[in-house]
Amino acid sequence: ETIETYKDVIELLGNKPIGDYTKIDGRDYRNSLSKIPKNRKRVKRYRDKNIQELLSMNIPQKDLMSFDNQTKLISRMTSCWNFFVDEYPEYVSENVFKSKSIRVNPVKRKDRRSEFTEDDLHLIFNPKTYLPAIFDNPTGRKNTIQYPYYWIPIISALSGCRLEEICMMRCKDLMKEKGVWVYRIREEGEYGDLETKVKNPYSERDIPLHSVLVDKLGFVRYVNHLKKQGKDRVFWELPKRGEVYHKNVGRFFNDKYLRKIGLKEGRRKISFHSFRHSVETHLTNQNVNPRFIDFLQGHSQKGMGGNVYMKGITIDVLLNECVEKINWDVEWEKLKVKW
């Protein structure tokens with residue numbers, strides 16, 4: 001993805017020495033992102049056109065790149081230029097991609113992706129709908145994905161983990177630290193061939209497993225069962241599409257299951273990512289230390305000294321003062337399955 005971003009910048013602004021890029025180039029790049037369609041290299045209508053041709057088109061609003069994705073691409077180029085400023089000051093004296101003005105999301109707050117309510121979660125994890133949607137297999141196909149669809153939403157609801165963070169989980173990433181079962185998230189592998197990847201440096205963290213996962217649903221026993229079968233990845237059934245494992249889960253949960261139970265009706269912007277927002281709001285409403293919440297979710301630490309402060313938190317404190325505060329009043333025992 002990063003290399004593709006660099007290629008797009010060169011196509012738009014020209015291939016020239018790093019010292020020749022200007023603030024005007026940075027401005028033009030930012031402005032162009034708001035006019036370029038999302039998934040342009042996969043959508044038939046756009047995939048054979050270059051960036052200049054796309055900028056000359058009248059692209060429907062629904063096809064345009066999201067504000068969040070624009071921000072991600074700008075951040076990617078800003079980070080690259082920070083490196084140049086630090087390492088090659090004889091050529092680059094300022095970050096031309098960094099804007100002094102604050103970017104504002106054009107989507108109204110009420111129309112942005114929202115969180116699940118507690119009633120939503122009761123509906124999602126109703127055993128009468130959740131289990132049949134996953135395990136009933138009228139086609140009889142042997143390659144039907146089941147356990148990833150079962151475990152991954154539950155793990156997110158009890159941790160606030162990002163979808164890809166869960167989908168990429170390896171069996172060896174579950175371990176016991178000072179008597180507490182944790183999921184250790186680290187980026188590993190060679191550049192261009194990463195086994196696991198993280199969104200930002202703060203995303204590398206140890207997440208204590210909620211007691212519902214360990215004691216009531218037997219997730220650790222499930223992973224040990226996979227180890228005995230010689231599996232490396234917990235959700236080995238998920239194919240890697242591009243650089244990610246989450247595509248199948250996202251389609252099943254967002255496009256199929258949420259629609260089936262009626263949560264996709266109306267104007268609400270909900271998706272798998274809503275679990276993350278829900279956990280953050282739920283813990284905030286219980287007056288959990290905001291730094292604990294940031295650490296649990298892999299957010300960039302806010303304020304001076306945030307990183308240093310977080311290093312002093314023991315895993316048992318994070319478990320008891322944060323993770324175990326997640327309580328949705330779901331009857332988890334009724335969702336327990338045999339494997």
# chains A, B, ... in the order shown; residues from 1 in each chain; ligands from 1
$ select_by_dssp --residues "segment 248-305 of chain A" --states "alpha helix (DSSP H)" --output "count of residues only"
26
$ residues_around --residues "segment 243-253 of chain A" --least-positions-apart "6" --cutoff "10 Å" --atoms "only C-alpha atoms" --output "VMD selection string"
chain A and resid 1 124 133 to 134 145 to 146 148 to 150 152 to 153 162 to 169 192 to 197 235 to 237 259 to 260 271 to 273
$ atom_distance --atom1 "atom CA of Val337 of chain A" --atom2 "atom CA of Pro132 of chain A"
11.6 Å
$ closest_residue --among "A:Tyr21, A:Phe275, A:Thr2, A:Ile154" --to "Ser79 of chain A" --atoms "only C-alpha atoms"
A:Thr2
$ residues_around --residues "Arg276 of chain A" --least-positions-apart "2" --cutoff "9 Å" --atoms "only C-alpha atoms" --output "number ranges by chain"
A: 115, 156-157, 159-162, 272-274, 278-281, 297
$ atom_distance --atom1 "atom CA of Thr78 of chain A" --atom2 "atom CA of Lys240 of chain A"
28.6 Å
$ atom_distance --atom1 "atom CA of Ser32 of chain A" --atom2 "atom CA of Leu55 of chain A"
7.1 Å
$ select_by_dssp --residues "segment 24-256 of chain A" --states "strand (DSSP E or B)" --output "VMD selection string"
chain A and resid 37 64 113 170 174 to 177 180 to 185 188 to 190 193 to 196 205 to 208 233 241 244
$ closest_residue --among "A:His122, A:Pro17, A:Tyr88, A:Ser34" --to "Gln61 of chain A" --atoms "only C-alpha atoms"
A:Ser34
$ closest_residue --among "A:Phe295, A:Tyr46, A:Tyr257, A:Tyr29" --to "Val9 of chain A" --atoms "only C-alpha atoms"
A:Tyr29
$ residues_around --residues "segment 43-45 of chain A" --least-positions-apart "4" --cutoff "12 Å" --atoms "only C-alpha atoms" --output "list in words"
Pro37, Lys38, Asn39, Lys49, Asn50, Glu53, Leu54, Met57, Ile59, Pro60, Asp63 and Leu64 of chain A
$ residues_around --residues "segment 313-315 of chain A" --least-positions-apart "2" --cutoff "12 Å" --atoms "only C-alpha atoms" --output "JSON, numbers by chain"
{"A": [176, 177, 178, 179, 180, 181, 182, 183, 184, 205, 206, 207, 208, 209, 289, 291, 292, 295, 296, 306, 307, 308, 309, 310, 311, 317, 318, 319, 320, 321, 322, 323]}
$ write_last_selection --atoms "N, CA, C and O atoms" --output "short mmCIF file (atom, residue, chain, number, x, y, z; two decimals), in the first residue's frame"
data_model
loop_
_atom_site.label_atom_id
_atom_site.label_comp_id
_atom_site.auth_asym_id
_atom_site.auth_seq_id
_atom_site.Cartn_x
_atom_site.Cartn_y
_atom_site.Cartn_z
N LYS A 176 0.79 -16.50 28.29
CA LYS A 176 0.49 -16.10 29.65
C LYS A 176 1.58 -15.18 30.16
O LYS A 176 2.77 -15.51 30.10
N GLU A 177 1.18 -14.02 30.64
CA GLU A 177 2.11 -13.04 31.21
C GLU A 177 1.71 -12.79 32.66
O GLU A 177 0.64 -12.24 32.92
N LYS A 178 2.57 -13.19 33.58
CA LYS A 178 2.30 -12.98 35.02
C LYS A 178 0.92 -13.49 35.41
O LYS A 178 0.17 -12.83 36.13
N GLY A 179 0.58 -14.67 34.89
CA GLY A 179 -0.68 -15.31 35.26
C GLY A 179 -1.89 -14.84 34.48
O GLY A 179 -3.00 -15.30 34.75
N VAL A 180 -1.69 -13.96 33.50
CA VAL A 180 -2.80 -13.42 32.71
C VAL A 180 -2.63 -13.82 31.25
O VAL A 180 -1.55 -13.64 30.67
N TRP A 181 -3.67 -14.36 30.65
CA TRP A 181 -3.63 -14.69 29.22
C TRP A 181 -3.72 -13.40 28.42
O TRP A 181 -4.61 -12.57 28.66
N VAL A 182 -2.80 -13.23 27.46
CA VAL A 182 -2.79 -12.02 26.65
C VAL A 182 -2.66 -12.39 25.17
O VAL A 182 -2.16 -13.47 24.81
N TYR A 183 -3.13 -11.47 24.34
CA TYR A 183 -2.89 -11.54 22.90
C TYR A 183 -1.80 -10.52 22.60
O TYR A 183 -2.01 -9.32 22.76
N ARG A 184 -0.64 -10.98 22.18
CA ARG A 184 0.50 -10.09 21.90
C ARG A 184 0.48 -9.68 20.43
O ARG A 184 0.64 -10.51 19.54
N ARG A 205 1.06 -4.07 21.21
CA ARG A 205 0.67 -4.07 22.62
C ARG A 205 0.26 -5.47 23.04
O ARG A 205 0.03 -6.34 22.20
N ASP A 206 0.17 -5.68 24.35
CA ASP A 206 -0.34 -6.92 24.91
C ASP A 206 -1.76 -6.67 25.41
O ASP A 206 -1.96 -5.80 26.28
N ILE A 207 -2.72 -7.42 24.90
CA ILE A 207 -4.12 -7.24 25.28
C ILE A 207 -4.56 -8.38 26.18
O ILE A 207 -4.57 -9.55 25.76
N PRO A 208 -4.91 -8.08 27.44
CA PRO A 208 -5.40 -9.14 28.32
C PRO A 208 -6.71 -9.72 27.79
O PRO A 208 -7.58 -8.97 27.33
N LEU A 209 -6.85 -11.03 27.83
CA LEU A 209 -8.08 -11.66 27.37
C LEU A 209 -9.15 -11.58 28.45
O LEU A 209 -8.91 -11.90 29.62
N ASN A 289 -9.83 4.98 33.32
CA ASN A 289 -8.72 5.88 32.97
C ASN A 289 -8.57 5.94 31.44
O ASN A 289 -8.37 4.91 30.79
N ARG A 291 -6.22 6.78 29.56
CA ARG A 291 -4.95 6.24 29.06
C ARG A 291 -5.00 4.71 28.98
O ARG A 291 -4.39 4.11 28.10
N PHE A 292 -5.73 4.08 29.89
CA PHE A 292 -5.92 2.64 29.80
C PHE A 292 -6.67 2.29 28.51
O PHE A 292 -6.33 1.33 27.83
N PHE A 295 -4.49 2.70 25.45
CA PHE A 295 -3.52 1.61 25.35
C PHE A 295 -4.19 0.34 24.86
O PHE A 295 -3.67 -0.37 23.99
N LEU A 296 -5.36 0.03 25.43
CA LEU A 296 -6.09 -1.17 25.04
C LEU A 296 -6.40 -1.16 23.55
O LEU A 296 -6.28 -2.19 22.87
N GLY A 306 2.90 10.45 27.55
CA GLY A 306 1.92 9.37 27.51
C GLY A 306 2.57 8.01 27.42
O GLY A 306 2.22 7.08 28.13
N ASN A 307 3.54 7.89 26.53
CA ASN A 307 4.20 6.60 26.33
C ASN A 307 4.92 6.13 27.59
O ASN A 307 4.84 4.98 27.98
N VAL A 308 5.62 7.03 28.22
CA VAL A 308 6.36 6.69 29.44
C VAL A 308 5.39 6.24 30.52
O VAL A 308 5.60 5.25 31.21
N TYR A 309 4.27 6.97 30.63
CA TYR A 309 3.28 6.65 31.65
C TYR A 309 2.71 5.25 31.43
O TYR A 309 2.57 4.46 32.35
N MET A 310 2.42 4.91 30.16
CA MET A 310 1.80 3.63 29.86
C MET A 310 2.73 2.45 30.14
O MET A 310 2.27 1.36 30.47
N LYS A 311 4.03 2.66 30.03
CA LYS A 311 4.96 1.56 30.25
C LYS A 311 4.92 1.05 31.68
O LYS A 311 5.31 -0.06 31.96
N VAL A 317 -3.32 -4.96 36.09
CA VAL A 317 -4.07 -3.71 36.28
C VAL A 317 -4.91 -3.41 35.05
O VAL A 317 -6.08 -3.04 35.15
N LEU A 318 -4.31 -3.58 33.86
CA LEU A 318 -5.05 -3.34 32.62
C LEU A 318 -6.23 -4.31 32.51
O LEU A 318 -7.32 -3.92 32.05
N LEU A 319 -6.04 -5.54 32.95
CA LEU A 319 -7.13 -6.52 32.91
C LEU A 319 -8.26 -6.11 33.85
O LEU A 319 -9.42 -6.03 33.44
N ASN A 320 -7.90 -5.85 35.11
CA ASN A 320 -8.93 -5.62 36.12
C ASN A 320 -9.56 -4.24 36.07
O ASN A 320 -10.75 -4.08 36.35
N GLU A 321 -8.76 -3.23 35.70
CA GLU A 321 -9.26 -1.86 35.71
C GLU A 321 -9.78 -1.39 34.36
O GLU A 321 -10.29 -0.29 34.25
N CYS A 322 -9.65 -2.25 33.35
CA CYS A 322 -10.10 -1.84 32.01
C CYS A 322 -10.87 -2.97 31.32
O CYS A 322 -12.09 -2.87 31.14
N VAL A 323 -10.20 -4.04 30.95
CA VAL A 323 -10.83 -5.09 30.15
C VAL A 323 -12.04 -5.70 30.85
O VAL A 323 -13.10 -5.88 30.25
#
$ decode --residues "segment 220-253 of chain A" --atoms "N, CA and C atoms" --output "PDB file, in the first residue's frame"
ATOM      1  N   VAL A 220      -8.912 -20.029  24.786  1.00  0.00           N
ATOM      2  CA  VAL A 220      -7.538 -20.525  24.919  1.00  0.00           C
ATOM      3  C   VAL A 220      -7.489 -22.016  24.617  1.00  0.00           C
ATOM      4  N   ARG A 221      -8.479 -22.760  25.084  1.00  0.00           N
ATOM      5  CA  ARG A 221      -8.533 -24.196  24.795  1.00  0.00           C
ATOM      6  C   ARG A 221      -8.703 -24.429  23.295  1.00  0.00           C
ATOM      7  N   TYR A 222      -9.476 -23.553  22.654  1.00  0.00           N
ATOM      8  CA  TYR A 222      -9.665 -23.667  21.203  1.00  0.00           C
ATOM      9  C   TYR A 222      -8.334 -23.478  20.478  1.00  0.00           C
ATOM     10  N   VAL A 223      -7.571 -22.472  20.891  1.00  0.00           N
ATOM     11  CA  VAL A 223      -6.280 -22.203  20.250  1.00  0.00           C
ATOM     12  C   VAL A 223      -5.316 -23.363  20.500  1.00  0.00           C
ATOM     13  N   ASN A 224      -5.327 -23.905  21.699  1.00  0.00           N
ATOM     14  CA  ASN A 224      -4.470 -25.067  21.984  1.00  0.00           C
ATOM     15  C   ASN A 224      -4.854 -26.266  21.122  1.00  0.00           C
ATOM     16  N   HIS A 225      -6.153 -26.400  20.875  1.00  0.00           N
ATOM     17  CA  HIS A 225      -6.650 -27.458  19.989  1.00  0.00           C
ATOM     18  C   HIS A 225      -6.073 -27.290  18.574  1.00  0.00           C
ATOM     19  N   LEU A 226      -6.016 -26.038  18.104  1.00  0.00           N
ATOM     20  CA  LEU A 226      -5.454 -25.762  16.774  1.00  0.00           C
ATOM     21  C   LEU A 226      -3.956 -26.048  16.735  1.00  0.00           C
ATOM     22  N   LYS A 227      -3.267 -25.719  17.835  1.00  0.00           N
ATOM     23  CA  LYS A 227      -1.833 -25.989  17.900  1.00  0.00           C
ATOM     24  C   LYS A 227      -1.562 -27.486  17.723  1.00  0.00           C
ATOM     25  N   LYS A 228      -2.376 -28.307  18.371  1.00  0.00           N
ATOM     26  CA  LYS A 228      -2.194 -29.761  18.279  1.00  0.00           C
ATOM     27  C   LYS A 228      -2.423 -30.252  16.850  1.00  0.00           C
ATOM     28  N   GLN A 229      -3.234 -29.498  16.097  1.00  0.00           N
ATOM     29  CA  GLN A 229      -3.488 -29.852  14.699  1.00  0.00           C
ATOM     30  C   GLN A 229      -2.400 -29.320  13.771  1.00  0.00           C
ATOM     31  N   GLY A 230      -1.433 -28.583  14.352  1.00  0.00           N
ATOM     32  CA  GLY A 230      -0.344 -28.060  13.552  1.00  0.00           C
ATOM     33  C   GLY A 230      -0.651 -26.749  12.848  1.00  0.00           C
ATOM     34  N   LYS A 231      -1.682 -26.040  13.288  1.00  0.00           N
ATOM     35  CA  LYS A 231      -2.050 -24.769  12.665  1.00  0.00           C
ATOM     36  C   LYS A 231      -1.156 -23.648  13.213  1.00  0.00           C
ATOM     37  N   ASP A 232      -0.731 -22.764  12.344  1.00  0.00           N
ATOM     38  CA  ASP A 232       0.050 -21.595  12.764  1.00  0.00           C
ATOM     39  C   ASP A 232      -0.845 -20.415  13.094  1.00  0.00           C
ATOM     40  N   ARG A 233      -1.874 -20.219  12.274  1.00  0.00           N
ATOM     41  CA  ARG A 233      -2.781 -19.090  12.465  1.00  0.00           C
ATOM     42  C   ARG A 233      -4.055 -19.555  13.144  1.00  0.00           C
ATOM     43  N   VAL A 234      -4.589 -18.713  14.032  1.00  0.00           N
ATOM     44  CA  VAL A 234      -5.822 -19.061  14.741  1.00  0.00           C
ATOM     45  C   VAL A 234      -6.977 -19.149  13.746  1.00  0.00           C
ATOM     46  N   PHE A 235      -7.050 -18.174  12.862  1.00  0.00           N
ATOM     47  CA  PHE A 235      -8.143 -18.163  11.885  1.00  0.00           C
ATOM     48  C   PHE A 235      -7.596 -18.539  10.509  1.00  0.00           C
ATOM     49  N   TRP A 236      -7.067 -19.751  10.474  1.00  0.00           N
ATOM     50  CA  TRP A 236      -6.372 -20.267   9.296  1.00  0.00           C
ATOM     51  C   TRP A 236      -7.294 -20.388   8.088  1.00  0.00           C
ATOM     52  N   GLU A 237      -8.602 -20.430   8.316  1.00  0.00           N
ATOM     53  CA  GLU A 237      -9.545 -20.580   7.201  1.00  0.00           C
ATOM     54  C   GLU A 237      -9.639 -19.319   6.342  1.00  0.00           C
ATOM     55  N   LEU A 238      -9.214 -18.176   6.899  1.00  0.00           N
ATOM     56  CA  LEU A 238      -9.345 -16.916   6.166  1.00  0.00           C
ATOM     57  C   LEU A 238      -8.226 -16.773   5.140  1.00  0.00           C
ATOM     58  N   PRO A 239      -8.557 -16.600   3.871  1.00  0.00           N
ATOM     59  CA  PRO A 239      -7.512 -16.401   2.859  1.00  0.00           C
ATOM     60  C   PRO A 239      -6.950 -14.986   2.933  1.00  0.00           C
ATOM     61  N   LYS A 240      -5.709 -14.846   2.557  1.00  0.00           N
ATOM     62  CA  LYS A 240      -5.108 -13.514   2.501  1.00  0.00           C
ATOM     63  C   LYS A 240      -5.433 -12.900   1.148  1.00  0.00           C
ATOM     64  N   ARG A 241      -6.128 -11.786   1.163  1.00  0.00           N
ATOM     65  CA  ARG A 241      -6.503 -11.096  -0.069  1.00  0.00           C
ATOM     66  C   ARG A 241      -5.730  -9.786  -0.121  1.00  0.00           C
ATOM     67  N   GLY A 242      -4.799  -9.695  -1.066  1.00  0.00           N
ATOM     68  CA  GLY A 242      -3.908  -8.540  -1.063  1.00  0.00           C
ATOM     69  C   GLY A 242      -2.958  -8.672   0.111  1.00  0.00           C
ATOM     70  N   GLU A 243      -3.037  -7.719   1.025  1.00  0.00           N
ATOM     71  CA  GLU A 243      -2.167  -7.745   2.203  1.00  0.00           C
ATOM     72  C   GLU A 243      -2.935  -8.027   3.486  1.00  0.00           C
ATOM     73  N   VAL A 244      -4.232  -8.364   3.378  1.00  0.00           N
ATOM     74  CA  VAL A 244      -5.057  -8.494   4.584  1.00  0.00           C
ATOM     75  C   VAL A 244      -5.843  -9.802   4.597  1.00  0.00           C
ATOM     76  N   TYR A 245      -6.282 -10.162   5.804  1.00  0.00           N
ATOM     77  CA  TYR A 245      -7.059 -11.384   6.001  1.00  0.00           C
ATOM     78  C   TYR A 245      -8.542 -11.112   6.267  1.00  0.00           C
ATOM     79  N   HIS A 246      -8.935  -9.874   6.441  1.00  0.00           N
ATOM     80  CA  HIS A 246     -10.251  -9.584   7.009  1.00  0.00           C
ATOM     81  C   HIS A 246     -11.400  -9.494   6.011  1.00  0.00           C
ATOM     82  N   LYS A 247     -11.126  -9.560   4.708  1.00  0.00           N
ATOM     83  CA  LYS A 247     -12.167  -9.275   3.717  1.00  0.00           C
ATOM     84  C   LYS A 247     -13.406 -10.159   3.878  1.00  0.00           C
ATOM     85  N   ASN A 248     -13.233 -11.466   4.042  1.00  0.00           N
ATOM     86  CA  ASN A 248     -14.384 -12.365   4.161  1.00  0.00           C
ATOM     87  C   ASN A 248     -15.223 -12.063   5.396  1.00  0.00           C
ATOM     88  N   VAL A 249     -14.552 -11.791   6.508  1.00  0.00           N
ATOM     89  CA  VAL A 249     -15.270 -11.514   7.755  1.00  0.00           C
ATOM     90  C   VAL A 249     -16.076 -10.223   7.624  1.00  0.00           C
ATOM     91  N   GLY A 250     -15.461  -9.189   7.041  1.00  0.00           N
ATOM     92  CA  GLY A 250     -16.158  -7.916   6.861  1.00  0.00           C
ATOM     93  C   GLY A 250     -17.403  -8.079   6.017  1.00  0.00           C
ATOM     94  N   ARG A 251     -17.286  -8.847   4.918  1.00  0.00           N
ATOM     95  CA  ARG A 251     -18.449  -9.045   4.040  1.00  0.00           C
ATOM     96  C   ARG A 251     -19.550  -9.822   4.753  1.00  0.00           C
ATOM     97  N   PHE A 252     -19.153 -10.885   5.465  1.00  0.00           N
ATOM     98  CA  PHE A 252     -20.166 -11.685   6.165  1.00  0.00           C
ATOM     99  C   PHE A 252     -20.885 -10.846   7.221  1.00  0.00           C
ATOM    100  N   PHE A 253     -20.107 -10.163   8.062  1.00  0.00           N
ATOM    101  CA  PHE A 253     -20.717  -9.460   9.189  1.00  0.00           C
ATOM    102  C   PHE A 253     -21.477  -8.213   8.743  1.00  0.00           C
TER     103      PHE A 253
END
